[in-house]
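Structure data (compact mmCIF, C-alpha atoms) from input.txt:
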```txt
# COMPACT_ATOMS: atom_id res chain seq x y z
CA MET A 151 12.99 32.60 -7.06
CA PRO A 152 14.59 31.56 -3.76
CA THR A 153 13.97 27.93 -2.95
CA LYS A 154 11.52 27.44 -0.13
CA THR A 155 12.60 25.20 2.75
CA ARG A 156 9.78 23.15 4.13
CA PRO A 157 9.34 23.32 7.91
CA VAL A 158 10.10 19.61 8.23
CA GLU A 159 13.45 20.06 6.51
CA LYS A 160 14.42 22.73 8.98
CA PHE A 161 13.24 20.49 11.79
CA ALA A 162 15.41 17.65 10.48
CA LYS A 163 18.46 19.89 10.18
CA THR A 164 18.06 21.20 13.70
CA THR A 165 17.61 17.71 15.11
CA ALA A 166 20.81 16.58 13.42
CA GLN A 167 22.76 19.05 15.56
CA CYS A 168 21.73 17.25 18.74
CA SER A 169 22.90 13.75 17.91
CA VAL A 170 24.65 13.23 21.25
CA GLU A 171 21.55 14.08 23.28
CA ALA A 172 19.37 12.07 20.90
CA ALA A 173 21.60 9.03 21.31
CA ALA A 174 21.41 9.32 25.10
CA TYR A 175 17.63 9.56 24.99
CA GLY A 176 17.31 6.70 22.51
CA LYS A 177 19.55 4.52 24.65
CA CYS A 178 17.45 5.23 27.72
CA VAL A 179 14.18 4.21 26.02
CA VAL A 180 15.59 1.19 24.25
CA ALA A 181 17.30 -0.09 27.42
CA ASP A 182 13.92 -1.27 28.71
CA TYR A 183 11.58 -1.09 25.76
CA SER A 184 9.17 -3.77 26.86
CA SER A 185 7.97 -1.68 29.79
CA VAL A 186 8.03 1.89 28.58
CA HIS A 187 5.83 4.31 30.53
CA LYS A 188 5.20 8.02 30.44
CA ASP A 189 8.15 10.25 31.31
CA MET A 190 10.40 7.25 31.79
CA CYS A 191 13.24 9.21 30.22
CA ALA A 192 11.99 12.72 30.94
CA LYS A 193 15.41 13.94 32.04
CA GLU A 194 17.10 12.78 28.84
CA PHE A 195 14.28 14.14 26.73
CA LEU A 196 14.47 17.59 28.34
CA ARG A 197 18.17 17.68 27.60
CA LEU A 198 17.44 16.77 23.97
CA LYS A 199 14.71 19.36 23.71
CA ASP A 200 16.86 22.11 25.28
CA CYS A 201 19.54 21.35 22.71
CA PHE A 202 16.92 21.38 19.94
CA LEU A 203 15.51 24.74 21.05
CA ALA A 204 18.97 26.29 21.33
CA ALA A 205 19.90 24.98 17.88
CA SER A 206 16.71 26.25 16.28
CA LYS A 207 17.39 29.74 17.66
CA LYS A 208 20.85 29.70 16.11
CA GLY A 209 19.68 28.48 12.72
CA MET B 96 -36.57 17.44 8.79
CA ILE B 97 -37.94 20.94 9.00
CA SER B 98 -38.49 21.25 5.30
CA LEU B 99 -40.19 17.86 5.26
CA HIS B 100 -42.69 18.93 7.90
CA THR B 101 -43.62 22.15 6.17
CA PHE B 102 -44.00 20.26 2.93
CA ARG B 103 -46.21 17.63 4.47
CA SER B 104 -48.52 20.10 6.15
CA GLY B 105 -49.31 21.65 2.79
CA VAL B 106 -50.02 18.33 1.08
CA PRO B 107 -53.51 16.78 1.08
CA ARG B 108 -53.82 13.52 2.99
CA ARG B 109 -54.24 11.39 -0.12
CA CYS B 110 -50.77 12.16 -1.42
CA LEU B 111 -49.09 11.35 1.84
CA PHE B 112 -49.42 7.65 1.18
CA ALA B 113 -47.71 7.95 -2.15
CA ALA B 114 -44.90 9.96 -0.60
CA SER B 115 -44.45 7.52 2.22
CA THR B 116 -43.52 4.70 -0.17
CA VAL B 117 -40.27 6.54 -0.86
CA ARG B 118 -37.78 5.46 1.72
CA THR B 119 -35.78 8.25 3.18
CA TYR B 120 -33.46 6.21 5.34
CA ALA B 121 -31.98 2.78 5.18
CA SER B 122 -31.58 0.39 8.03
CA GLN B 123 -28.64 -1.93 8.49
CA THR B 124 -29.46 -5.24 6.92
CA ALA B 125 -28.06 -8.41 8.35
CA GLY B 126 -25.51 -10.37 6.40
CA ASN B 127 -22.22 -8.77 5.68
CA PRO B 128 -21.31 -6.13 8.23
CA MET B 129 -18.29 -4.24 6.98
CA LEU B 130 -15.56 -2.93 9.13
CA GLU B 131 -14.24 0.41 7.99
CA VAL B 132 -10.57 0.64 8.80
CA PHE B 133 -9.44 3.27 6.35
CA ASN B 134 -11.01 6.58 5.56
CA ARG B 135 -11.47 6.53 1.79
CA LYS B 136 -12.09 10.24 1.50
CA THR B 137 -8.90 11.07 3.36
CA LYS B 138 -6.93 8.69 1.14
CA HIS B 139 -8.38 10.28 -1.97
CA LEU B 140 -7.43 13.76 -0.76
CA GLN B 141 -3.92 12.64 0.18
CA LYS B 142 -3.34 11.12 -3.25
CA ASP B 143 -4.71 14.16 -5.06
CA ARG B 144 -2.72 16.55 -2.95
CA ALA B 145 0.49 14.58 -3.37
CA ALA B 146 0.11 14.36 -7.15
CA ARG B 147 -0.45 18.07 -7.58
CA ASN B 148 3.18 18.66 -6.70
CA VAL B 149 4.26 16.94 -9.92
CA GLU B 150 8.01 17.16 -9.49
CA GLU B 151 8.06 15.92 -5.91
CA SER B 152 5.56 13.21 -6.72
CA ARG B 153 7.73 11.92 -9.58
CA ASN B 154 10.81 11.95 -7.36
CA VAL B 155 9.26 9.52 -4.91
CA ASP B 156 8.02 7.09 -7.54
CA TYR B 157 11.16 4.96 -7.04
CA LEU B 158 9.34 2.35 -5.00
CA LYS B 159 6.22 2.12 -7.14
CA ASP B 160 8.25 1.96 -10.36
CA GLU B 161 10.48 -0.77 -8.98
CA VAL B 162 7.58 -2.90 -7.81
CA ALA B 163 5.71 -2.37 -11.09
CA MET B 164 8.80 -3.68 -12.92
CA ARG B 165 9.02 -6.75 -10.72
CA LEU B 166 5.31 -7.37 -11.15
CA CYS B 167 5.62 -7.20 -14.93
CA GLU B 168 8.52 -9.64 -14.84
CA ARG B 169 6.01 -12.16 -13.51
CA LEU B 170 3.87 -11.50 -16.56
CA LEU B 171 6.78 -12.60 -18.77
CA ASP B 172 6.26 -16.16 -17.61
CA ILE B 173 2.83 -16.35 -19.20
CA LYS B 174 3.20 -17.08 -22.89
CA ARG B 175 -0.01 -15.54 -24.02
CA ASP B 176 -1.40 -12.34 -25.53
CA PHE B 177 -3.61 -10.10 -23.46
CA PRO B 178 -6.09 -8.13 -25.57
CA ASN B 179 -7.76 -6.36 -22.65
CA VAL B 180 -5.98 -5.64 -19.36
CA LEU B 181 -7.07 -3.78 -16.24
CA ASP B 182 -4.65 -2.02 -13.92
CA LEU B 183 -6.53 -1.80 -10.66
CA GLY B 184 -5.45 1.15 -8.54
CA ALA B 185 -2.99 2.38 -11.12
CA ASN B 186 -1.47 5.29 -9.14
CA SER B 187 0.35 7.22 -11.90
CA CYS B 188 0.13 4.29 -14.37
CA ASN B 189 3.44 2.83 -13.16
CA ILE B 190 2.52 -0.57 -14.58
CA ALA B 191 1.84 0.85 -18.04
CA ARG B 192 5.25 2.49 -17.93
CA ALA B 193 6.91 -0.76 -16.88
CA LEU B 194 5.12 -2.61 -19.68
CA THR B 195 6.65 -0.31 -22.29
CA THR B 196 10.18 -0.82 -20.98
CA PRO B 197 12.23 -2.97 -23.38
CA ASN B 198 14.63 -5.67 -22.16
CA LEU B 199 12.61 -6.44 -19.07
CA ASP B 200 13.57 -10.10 -19.38
CA THR B 201 16.75 -10.43 -17.32
CA THR B 202 17.06 -14.13 -18.17
CA ALA B 203 17.53 -13.43 -21.89
CA PRO B 204 21.09 -13.94 -23.17
CA GLU B 205 23.22 -10.82 -23.22
CA GLY B 206 22.95 -8.68 -26.31
CA VAL B 207 19.55 -10.06 -27.28
CA ILE B 208 16.96 -7.32 -27.30
CA THR B 209 13.61 -8.49 -26.02
CA PRO B 210 10.59 -6.41 -27.01
CA PRO B 211 8.58 -4.62 -24.33
CA LEU B 212 5.59 -6.45 -22.90
CA SER B 213 3.27 -3.83 -24.34
CA LYS B 214 3.56 -5.70 -27.66
CA LYS B 215 1.48 -8.48 -26.12
CA ILE B 216 -1.16 -6.12 -24.76
CA SER B 217 -3.66 -4.45 -27.04
CA LYS B 218 -5.43 -2.26 -24.52
CA ILE B 219 -4.81 -1.37 -20.89
CA THR B 220 -7.36 0.35 -18.68
CA CYS B 221 -5.83 2.20 -15.74
CA ALA B 222 -8.35 2.75 -12.97
CA ASP B 223 -7.82 4.86 -9.87
CA THR B 224 -9.75 7.25 -7.69
CA SER B 225 -7.44 10.24 -7.92
CA ARG B 226 -7.69 12.18 -11.17
CA ALA B 227 -4.58 14.26 -10.46
CA LEU B 228 -2.41 11.19 -9.88
CA LEU B 229 -3.82 9.16 -12.75
CA HIS B 230 -3.36 11.91 -15.31
CA ARG B 231 -0.04 13.16 -13.94
CA ASP B 232 2.11 11.56 -16.63
CA GLU B 233 -0.25 11.57 -19.59
CA ASP B 234 2.09 13.76 -21.66
CA LEU B 235 5.11 11.51 -21.29
CA ASP B 236 6.44 9.39 -24.16
CA PHE B 237 5.43 5.96 -22.86
CA ASN B 238 1.76 6.81 -23.48
CA LYS B 239 2.31 6.58 -27.22
CA GLU B 240 3.62 3.04 -27.07
CA ILE B 241 0.58 1.43 -25.51
CA ASP B 242 -3.15 1.90 -25.94
CA ILE B 243 -3.89 3.31 -22.53
CA HIS B 244 -7.27 4.35 -21.14
CA ARG B 245 -7.48 6.26 -17.89
CA ASP B 246 -10.59 5.61 -15.85
CA VAL B 247 -11.27 7.78 -12.82
CA ILE B 248 -13.60 5.68 -10.70
CA ALA B 249 -15.44 6.90 -7.63
CA ASP B 250 -14.46 4.05 -5.38
CA LEU B 251 -11.88 1.31 -5.70
CA GLU B 252 -14.09 -1.05 -3.71
CA THR B 253 -16.93 -1.18 -6.23
CA LEU B 254 -15.67 -1.86 -9.72
CA PRO B 255 -17.84 -0.52 -12.56
CA TYR B 256 -17.00 -3.32 -15.03
CA GLN B 257 -19.05 -6.08 -16.60
CA PRO B 258 -18.41 -9.74 -15.75
CA ASN B 259 -15.98 -11.61 -18.04
CA THR B 260 -14.38 -8.45 -19.40
CA PHE B 261 -10.62 -8.65 -18.85
CA ASP B 262 -7.87 -11.03 -19.99
CA ALA B 263 -5.74 -10.05 -17.00
CA VAL B 264 -6.10 -7.84 -13.96
CA LEU B 265 -2.89 -6.32 -12.60
CA SER B 266 -2.56 -4.30 -9.43
CA SER B 267 0.49 -2.73 -7.86
CA LEU B 268 0.73 -1.17 -4.41
CA SER B 269 -2.87 -0.07 -4.13
CA ILE B 270 -5.06 -2.61 -2.48
CA HIS B 271 -3.49 -2.22 0.94
CA TRP B 272 -5.93 0.69 1.36
CA ILE B 273 -8.99 -1.46 0.70
CA ASN B 274 -11.39 -1.95 3.61
CA ASP B 275 -13.15 -5.05 2.35
CA LEU B 276 -10.49 -7.12 0.63
CA PRO B 277 -12.55 -10.34 0.27
CA ALA B 278 -15.32 -8.44 -1.54
CA LEU B 279 -12.86 -6.75 -3.88
CA LEU B 280 -11.18 -10.03 -4.77
CA ASN B 281 -14.59 -11.50 -5.49
CA GLN B 282 -15.29 -8.66 -7.90
CA VAL B 283 -11.92 -9.12 -9.57
CA ASN B 284 -12.71 -12.77 -10.05
CA THR B 285 -16.03 -11.83 -11.64
CA ILE B 286 -14.68 -9.28 -14.13
CA LEU B 287 -11.95 -11.66 -15.32
CA LYS B 288 -12.61 -13.95 -18.26
CA PRO B 289 -12.40 -17.68 -17.44
CA ASP B 290 -8.85 -19.04 -17.12
CA CYS B 291 -7.31 -15.56 -16.84
CA PRO B 292 -4.83 -14.36 -14.20
CA PHE B 293 -4.96 -11.77 -11.45
CA ILE B 294 -1.44 -10.57 -10.64
CA CYS B 295 -1.00 -8.27 -7.70
CA ALA B 296 1.64 -6.73 -5.47
CA MET B 297 0.71 -5.23 -2.14
CA PHE B 298 2.42 -3.97 1.00
CA GLY B 299 2.27 -6.65 3.64
CA GLY B 300 2.72 -7.40 7.31
CA ASP B 301 6.16 -6.19 8.23
CA THR B 302 6.20 -3.11 6.02
CA LEU B 303 7.62 -0.17 7.96
CA PHE B 304 7.88 -2.25 11.13
CA GLU B 305 10.74 -0.01 12.29
CA LEU B 306 8.59 3.10 12.13
CA ARG B 307 5.60 1.35 13.65
CA GLY B 308 7.65 0.27 16.65
CA SER B 309 9.57 3.47 17.26
CA MET B 310 6.39 5.54 16.98
CA GLN B 311 4.71 3.40 19.59
CA LEU B 312 7.66 3.76 21.94
CA ALA B 313 7.83 7.51 21.40
CA ASP B 314 4.09 7.85 21.98
CA MET B 315 4.29 5.76 25.14
CA GLU B 316 7.24 7.58 26.61
CA ARG B 317 6.11 11.09 25.75
CA ARG B 318 2.35 10.87 26.14
CA GLY B 319 1.62 7.67 28.02
CA GLY B 320 -0.49 6.00 25.32
CA VAL B 321 -0.41 4.94 21.68
CA SER B 322 -2.29 6.04 18.61
CA PRO B 323 -2.15 4.16 15.28
CA HIS B 324 0.36 5.76 12.94
CA VAL B 325 1.09 2.90 10.56
CA SER B 326 -1.69 0.96 8.82
CA PRO B 327 -2.59 -2.58 9.74
CA LEU B 328 -1.60 -4.73 6.76
CA ALA B 329 -2.51 -8.13 5.42
CA ASP B 330 -0.21 -10.96 6.39
CA VAL B 331 1.36 -13.39 3.94
CA LYS B 332 -0.41 -16.25 5.71
CA ASP B 333 -3.81 -14.70 5.04
CA VAL B 334 -3.34 -13.92 1.38
CA GLY B 335 -3.60 -17.52 0.22
CA SER B 336 -6.89 -18.12 1.98
CA LEU B 337 -8.22 -14.75 0.81
CA LEU B 338 -7.57 -15.68 -2.82
CA ASN B 339 -8.97 -19.13 -2.25
CA ARG B 340 -12.14 -17.74 -0.75
CA ALA B 341 -12.64 -15.47 -3.76
CA GLY B 342 -12.55 -18.52 -6.04
CA PHE B 343 -9.06 -18.19 -7.51
CA LYS B 344 -7.23 -21.34 -8.59
CA MET B 345 -3.54 -22.26 -8.94
CA LEU B 346 -2.30 -19.70 -6.44
CA THR B 347 1.24 -18.42 -6.21
CA VAL B 348 2.18 -16.19 -3.30
CA ASP B 349 5.67 -14.92 -2.60
CA VAL B 350 7.32 -12.25 -0.55
CA GLU B 351 10.10 -9.80 -1.21
CA ASP B 352 11.67 -7.24 1.08
CA ILE B 353 12.94 -3.94 -0.25
CA VAL B 354 15.02 -2.02 2.24
CA VAL B 355 15.44 1.66 1.50
CA GLU B 356 17.92 3.85 3.32
CA PHE B 357 16.86 7.32 4.44
CA PRO B 358 18.98 10.06 6.04
CA ASP B 359 16.49 10.46 8.90
CA THR B 360 12.91 9.64 9.89
CA PHE B 361 11.72 13.02 8.64
CA ALA B 362 12.87 12.24 5.11
CA LEU B 363 11.08 8.88 5.33
CA MET B 364 7.82 10.44 6.46
CA GLN B 365 8.10 13.22 3.91
CA ASP B 366 8.56 10.69 1.11
CA LEU B 367 5.58 8.66 2.31
CA GLN B 368 3.50 11.80 2.24
CA SER B 369 4.63 12.70 -1.28
CA MET B 370 3.73 9.17 -2.39
CA GLY B 371 0.22 9.78 -1.07
CA GLU B 372 0.81 6.97 1.40
CA SER B 373 0.34 8.83 4.65
CA ASN B 374 -1.84 7.51 7.43
CA ALA B 375 -5.54 7.18 6.58
CA ILE B 376 -6.79 5.02 9.44
CA MET B 377 -10.35 5.90 10.44
CA HIS B 378 -9.67 6.52 14.11
CA ARG B 379 -6.38 8.24 13.81
CA GLU B 380 -5.72 11.43 15.68
CA ALA B 381 -6.65 14.63 13.94
CA GLY B 382 -3.95 17.19 13.31
CA PRO B 383 -0.22 16.86 12.84
CA LEU B 384 2.07 14.82 15.07
CA SER B 385 3.38 16.66 18.07
CA ARG B 386 6.94 17.93 17.75
CA ASP B 387 7.95 16.20 20.96
CA VAL B 388 6.88 12.83 19.59
CA LEU B 389 8.66 13.47 16.30
CA LEU B 390 11.85 14.38 18.11
CA ALA B 391 11.59 11.34 20.39
CA ASN B 392 10.73 9.05 17.47
CA ASP B 393 13.82 10.02 15.50
CA ALA B 394 16.08 9.30 18.47
CA ILE B 395 14.43 5.94 19.24
CA TYR B 396 14.43 4.83 15.58
CA ARG B 397 18.16 5.50 15.40
CA ALA B 398 18.88 3.74 18.66
CA LEU B 399 16.95 0.64 17.56
CA HIS B 400 17.70 0.25 13.88
CA LYS B 401 20.68 2.30 12.76
CA GLU B 402 23.70 0.19 11.86
CA GLU B 403 26.99 1.24 13.40
CA ASP B 404 28.68 2.68 10.29
CA ALA B 405 25.67 3.26 8.06
CA PRO B 406 25.10 6.87 7.06
CA GLY B 407 21.32 6.55 7.26
CA ILE B 408 18.48 4.53 8.71
CA PRO B 409 16.85 1.52 7.03
CA ALA B 410 13.14 1.26 6.25
CA THR B 411 11.73 -2.09 5.20
CA PHE B 412 8.98 -2.46 2.65
CA ARG B 413 7.62 -5.99 2.44
CA MET B 414 5.96 -6.77 -0.84
CA ILE B 415 3.53 -9.65 -1.19
CA TYR B 416 3.15 -10.82 -4.79
CA MET B 417 0.17 -12.97 -5.58
CA ILE B 418 -1.06 -14.69 -8.69
CA GLY B 419 -4.44 -16.35 -8.91
CA TRP B 420 -6.31 -17.76 -11.89
CA LYS B 421 -10.00 -17.63 -12.49
CA GLU B 422 -11.46 -21.08 -12.92
CA GLY B 423 -11.75 -22.11 -16.55
CA LYS B 424 -12.26 -25.06 -18.84
CA ASP B 425 -9.16 -27.11 -19.72
CA GLN B 426 -7.26 -25.60 -16.81
CA PRO B 427 -4.70 -27.95 -15.24
CA GLN B 428 -6.30 -29.53 -12.18
CA PRO B 429 -4.66 -31.11 -9.18
CA LEU B 430 -5.11 -34.88 -9.17
CA GLU B 431 -7.50 -36.46 -6.75
CA ARG B 432 -6.24 -37.27 -3.28
CA GLY B 433 -4.76 -40.73 -3.02
CA SER B 434 -4.53 -41.25 -6.79
CA GLY B 435 -0.71 -41.18 -6.91
CA ASP B 436 0.90 -44.51 -7.76
CA VAL B 437 4.54 -43.64 -7.08
CA ASN B 438 5.77 -43.41 -3.53
CA LEU B 439 7.82 -40.24 -3.04
CA LYS B 440 9.85 -42.10 -0.46
CA ASP B 441 11.20 -44.36 -3.22
CA ILE B 442 12.36 -41.39 -5.26
CA LEU B 443 13.68 -39.11 -2.55
CA GLY B 444 14.90 -41.80 -0.21
CA GLY B 445 14.92 -41.76 3.58
CA GLY B 446 11.80 -40.48 5.21
CA ASP B 447 11.96 -42.30 8.51
CA PHE B 448 11.42 -40.18 11.57
CA GLU B 449 12.89 -42.76 13.88
CA LYS B 450 16.30 -41.88 15.12
CA PRO B 451 19.04 -44.26 13.97
```

Show how you would write the structure in this file as structure tokens.
Amino acid sequence: MPTKTRPVEKFAKTTAQCSVEAAAYGKCVVADYSSVHKDMCAKEFLRLKDCFLAASKKG
Amino acid sequence: MISLHTFRSGVPRRCLFAASTVRTYASQTAGNPMLEVFNRKTKHLQKDRAARNVEESRNVDYLKDEVAMRLCERLLDIKRDFPNVLDLGANSCNIARALTTPNLDTTAPEGVITPPLSKKISKITCADTSRALLHRDEDLDFNKEIDIHRDVIADLETLPYQPNTFDAVLSSLSIHWINDLPALLNQVNTILKPDCPFICAMFGGDTLFELRGSMQLADMERRGGVSPHVSPLADVKDVGSLLNRAGFKMLTVDVEDIVVEFPDTFALMQDLQSMGESNAIMHREAGPLSRDVLLANDAIYRALHKEEDAPGIPATFRMIYMIGWKEGKDQPQPLERGSGDVNLKDILGGGDFEKP
């Protein structure tokens, strides 16, 4: 029987391919974490998400 | 309501009085209003569901087994036999397994084999709400070495035991899901025999603080608000007064941190789920976490807590161990205030607050 990959495992693997974008996003949020508001780092997040979507198509 | 009306209309008037003595609803009585924080039904389902995947569930027992071991090490200090022991919220009977482990005593000289603690215990009752989890390991070898009874109880907050029943009550990583902790501790105190100990380990205050924080930040940044993802937990400061209030004497409370390293936040959350420890707060959001928040959370967690060269991310579990004794005759008592006749200053020296 082929082993089943759980969706979250695939999600984790795909995320791992975008470590540069993730680091940029993380840095942006953490830089001012006492006053985080909605879409504070929208630009960085979109870049991370674009990378994630592209990686999930490949995989 | 509809069926009641049709029933009443067919009944002669005389009988109505008799029927009306049966109360059909209850009103809130004054006294002890209880705050429901956790959804017990959800917790029950999560535990059952997690335990049905036997292999996965056993794989993530590392934390519960470790804490059960450390809890049992505390039992070594009590030189006494325990004919009748209760394991409250037993999960998969991790305590029973730890009790049957030989050489638990790490202070014994090397080469000396110390017998397992189960030799001192005649009968252990393991009580939990989830049948699947409680009976998961009933075919394993350790069951033969200890007289173990598995009790599936409907609710961990109302214990179906008689007063003065047990020689010790143990509990490991369970009572952090209890809504009314003071009431439970009261019950534990009641079912213990006089001068018998309650030994317990629970998740406390700073457990998973990394995840709690990064989730809040991710929620704020992505959606503009926060929703509770990690349970509120009892603080070390509160535990002493909780035990005191329930009537326990000679309290010992101590704290231990266990830091586990995970490859990413998804592995951490997956393990929590397989442990049956996922979120069961009453007013949590229905449905799974949004993918955007998950993605953001992983990035923020790494940015905040990942060490430079570490391969993974740390997750802190803070364990609060507590020991309390039920009041009994001939129990050592603290001396009365002011009855000391030796000045500690004479023994320890110093003691002046004035600057030289």

(message) Taking all atoms listed in the file into account, name the residue in A:Val158, A:Asp189, A:Leu196, A:Lys207 that is nearest to B:Leu389.
(response) A:Val158

Proximity check chain A to chain B, 9 Å, nearest pairs one decimal Å, only C-alpha atoms, as a tab-separated table:
```
residue	atom	partner	partner_atom	distance
A:Val158	CA	B:Phe361	CA	6.8
A:Glu159	CA	B:Phe361	CA	7.6
A:Phe161	CA	B:Phe361	CA	8.2
A:Ala162	CA	B:Phe361	CA	6.2
A:Thr165	CA	B:Leu390	CA	7.3
A:Ala166	CA	B:Asp359	CA	8.7
A:Ser169	CA	B:Ala394	CA	8.2
A:Glu171	CA	B:Ala394	CA	8.7
A:Ala172	CA	B:Ala394	CA	4.9
A:Ala173	CA	B:Ala394	CA	6.2
A:Ala174	CA	B:Ala394	CA	8.5
A:Tyr175	CA	B:Ala394	CA	6.7
A:Gly176	CA	B:Ile395	CA	4.4
A:Lys177	CA	B:Ala398	CA	6.1
A:Val179	CA	B:Ile395	CA	7.0
A:Val180	CA	B:Leu399	CA	6.8
A:Tyr183	CA	B:Leu312	CA	7.3
A:Val186	CA	B:Glu316	CA	6.1
A:His187	CA	B:Glu316	CA	5.3
A:Lys188	CA	B:Gly319	CA	4.3
A:Asp189	CA	B:Glu316	CA	5.5
A:Met190	CA	B:Glu316	CA	6.1
A:Cys191	CA	B:Glu316	CA	7.2
A:Ala192	CA	B:Arg317	CA	8.0
A:Phe195	CA	B:Ala391	CA	7.4
A:Leu198	CA	B:Leu390	CA	8.4
A:Lys199	CA	B:Asp387	CA	8.0
A:Phe202	CA	B:Leu390	CA	8.8
```

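Distances here use only C-alpha atoms; by that measure, the residue among A:Thr155, A:Cys178, A:Cys168, A:Lys163 closest to A:Glu194 is A:Cys178.
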
(message) Please list as a PyMOL selection string every residue within 7 Å of A:Thr164, counting all atoms listed in the file and excluding residues in the same chain fewer than 4 positions away.
(response) chain A and resi 160+202+205-206

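Across the structure, atom CA of B:Arg153 and atom CA of B:Ile208 are spaced 27.7 Å apart.
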
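Distances to B:Cys221 were evaluated for B:Asn259, B:Thr253, B:Thr196, B:Ser187 using all atoms listed in the file, and the minimum falls at B:Ser187.
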
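Between B:Ser369 and the residues B:Ala193, B:Leu276, B:Val355, B:Val149, the shortest atom-to-atom distance, using only C-alpha atoms, involves B:Val149.
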
Could the centre and edge lengths of an axis-aligned box, enclosing all atoms of stretch 393-397 of chain B in the file with 3 Å extra on each side, be given in Å to one decimal as AutoDock Vina command-line options?
```
--center_x 16.0 --center_y 7.4 --center_z 17.3 --size_x 10.3 --size_y 11.2 --size_z 9.8
```

(request) Have a look at atom CA of B:Thr137 and atom CA of B:Ser336 and let me know their distance in Å, one decimal. (result) 29.3 Å

(request) Starting from the point (-15.4, -7.1, 0.1), work out which residues of protein, DNA or RNA have an atom no more than 10 Å away when counting only C-alpha atoms; state them as number ranges by chain. (result) B: 127, 129-130, 252-253, 273-282, 341

(message) Could you tell me how far atom CA of B:Tyr416 sits from atom CA of B:Leu251, in Å to one decimal place?
(response) 19.3 Å

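Remark: for B:Leu265, the closest of the candidate residues B:Asn154, B:Gln426, B:Asn438, B:Asn179 is B:Asn179 (distances computed over all atoms listed in the file).
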
(message) as a ChimeraX atom specification, please: the residues near B:Ile190 (cut-off 8 Å, only C-alpha atoms, same-chain neighbours under 2 positions excluded).
(response) /B:160,163-164,167,182,185,188,192-194,267

Write to file, as a PDB file, keeping the file's coordinate frame, the residues of the selection just made, with C-alpha atoms.
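Saved file again_19.pdb follows:
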```pdb
ATOM      1  CA  ASP B 160       8.250   1.960 -10.360  1.00  0.00           C
ATOM      2  CA  ALA B 163       5.710  -2.370 -11.090  1.00  0.00           C
ATOM      3  CA  MET B 164       8.800  -3.680 -12.920  1.00  0.00           C
ATOM      4  CA  CYS B 167       5.620  -7.200 -14.930  1.00  0.00           C
ATOM      5  CA  ASP B 182      -4.650  -2.020 -13.920  1.00  0.00           C
ATOM      6  CA  ALA B 185      -2.990   2.380 -11.120  1.00  0.00           C
ATOM      7  CA  CYS B 188       0.130   4.290 -14.370  1.00  0.00           C
ATOM      8  CA  ARG B 192       5.250   2.490 -17.930  1.00  0.00           C
ATOM      9  CA  ALA B 193       6.910  -0.760 -16.880  1.00  0.00           C
ATOM     10  CA  LEU B 194       5.120  -2.610 -19.680  1.00  0.00           C
ATOM     11  CA  SER B 267       0.490  -2.730  -7.860  1.00  0.00           C
TER      12      SER B 267
END
```
